[in-house]
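Heads up: the structure comes next, in structure tokens.
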Amino acid sequence: MKSLRLMALGLAAMVFSSAATAQGFDLRRLFFGGGLSVNTVSGSDDGSGFQAFGGYNFPAIARNFYVDAEAGFMDTGKLEVRCPQGICDAKAKGPWANGVLRYLVTPSVELIGRAGVDFGDDDGLMVGIGAGYIIGAHLKVRFELVQRDDVSSIQFNVVVYPW
């Protein structure tokens, strides 16, 4: 399974780097972000966690449609799960990589869809939907629902375009 994850990560890196090269890499399209999340695993209490990520947004693929490549790290925080011994502590963390599709509804509001792979403790596919509010050229906030194999997250993130 580990070799499959490494192959998937390598393939994603090749695809995204080839696309960035073909489009002409623009440093101003790089972004960084992070935020807080409320995470749930079936049969557990909610845990408060965090995520940090970076990415690159490509030029529009159609009117008001954009594609981003994102990679990051997430940590669910401490979760209490029912187990044969009673209540056990659980935690999931690790890196992930996603493709993100954004649709600008208005100049300040965007709808977000994501799909990708989690390479950490909850390895496997991950998908999500959400919305973002663009505060200015260098700052936006996002609210998303993200589902991994075992972990469901409600996330609030801040995204910064530093250049």
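Order determines the names: the first chain of the structure tokens is A, the second B, and so forth; residues in each chain are numbered 1 upward, and ligands are numbered 1 upward as they are shown.
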- Residue contacts of Ile129 of chain A (7 Å, only C-alpha atoms) excluding same-chain residues fewer than 6 positions away, as a list in words: Ile112, Gly113, Arg114, Glu144, Leu145 and Val146 of chain A
Keeping N, CA, C and O atoms for every residue in the selection just given, could you write it to a file as an mmCIF file, in the first residue's frame?
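Just written: part_37.cif:
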```cif
data_model
loop_
_atom_site.group_PDB
_atom_site.id
_atom_site.type_symbol
_atom_site.label_atom_id
_atom_site.label_comp_id
_atom_site.auth_asym_id
_atom_site.auth_seq_id
_atom_site.Cartn_x
_atom_site.Cartn_y
_atom_site.Cartn_z
ATOM 1 N N ILE A 112 -16.690 25.563 -4.158
ATOM 2 C CA ILE A 112 -15.477 24.752 -4.194
ATOM 3 C C ILE A 112 -15.840 23.266 -4.186
ATOM 4 O O ILE A 112 -16.687 22.837 -3.405
ATOM 5 N N GLY A 113 -15.161 22.497 -5.022
ATOM 6 C CA GLY A 113 -15.236 21.043 -4.981
ATOM 7 C C GLY A 113 -13.821 20.509 -5.006
ATOM 8 O O GLY A 113 -12.946 21.073 -5.663
ATOM 9 N N ARG A 114 -13.565 19.451 -4.264
ATOM 10 C CA ARG A 114 -12.206 18.897 -4.212
ATOM 11 C C ARG A 114 -12.250 17.380 -4.272
ATOM 12 O O ARG A 114 -13.213 16.759 -3.828
ATOM 13 N N GLU A 144 -15.609 24.495 4.389
ATOM 14 C CA GLU A 144 -15.717 23.267 3.606
ATOM 15 C C GLU A 144 -16.132 22.078 4.458
ATOM 16 O O GLU A 144 -15.837 22.020 5.653
ATOM 17 N N LEU A 145 -16.790 21.140 3.810
ATOM 18 C CA LEU A 145 -17.083 19.824 4.370
ATOM 19 C C LEU A 145 -16.199 18.844 3.615
ATOM 20 O O LEU A 145 -16.290 18.754 2.380
ATOM 21 N N VAL A 146 -15.341 18.123 4.332
ATOM 22 C CA VAL A 146 -14.386 17.213 3.701
ATOM 23 C C VAL A 146 -14.576 15.817 4.280
ATOM 24 O O VAL A 146 -14.646 15.642 5.504
#
```
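Of note, atom CA of Arg102 of chain A and atom CA of Arg142 of chain A are spaced 11.4 Å apart.
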- Query: Contacts of Ala62 of chain A at 12 Å or less, counting only C-alpha atoms, minus same-chain residues fewer than 3 places along, as a PyMOL selection string?
  - Reply: chain A and resi 58-59+65-67+101-104
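In this structure, atom CA of Leu139 of chain A sits 28.2 Å away from atom CA of Gly120 of chain A.
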- Item | DSSP-assigned strand (DSSP E or B) among chain A, expressed as an MDAnalysis selection string | chainID A and resid 30:41 44 47:57 62 65:75 79:83 86:90 93:104 109:118 124:136 139:147 151:160
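Across the model, the gap from atom CA of Trp96 of chain A to atom CA of Arg28 of chain A is 22.8 Å.
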- Backbone-only DSSP, helix (DSSP H, G or I) members of chain A, as a ChimeraX atom specification: /A:2-23,27-29
- Message: Residues within 12 Å of segment 105-107 of chain A, please, as a PyMOL selection string. Count only C-alpha atoms; anything in the same chain fewer than 5 positions from it doesn't count.
- Response: chain A and resi 63-66+112+131-137+140
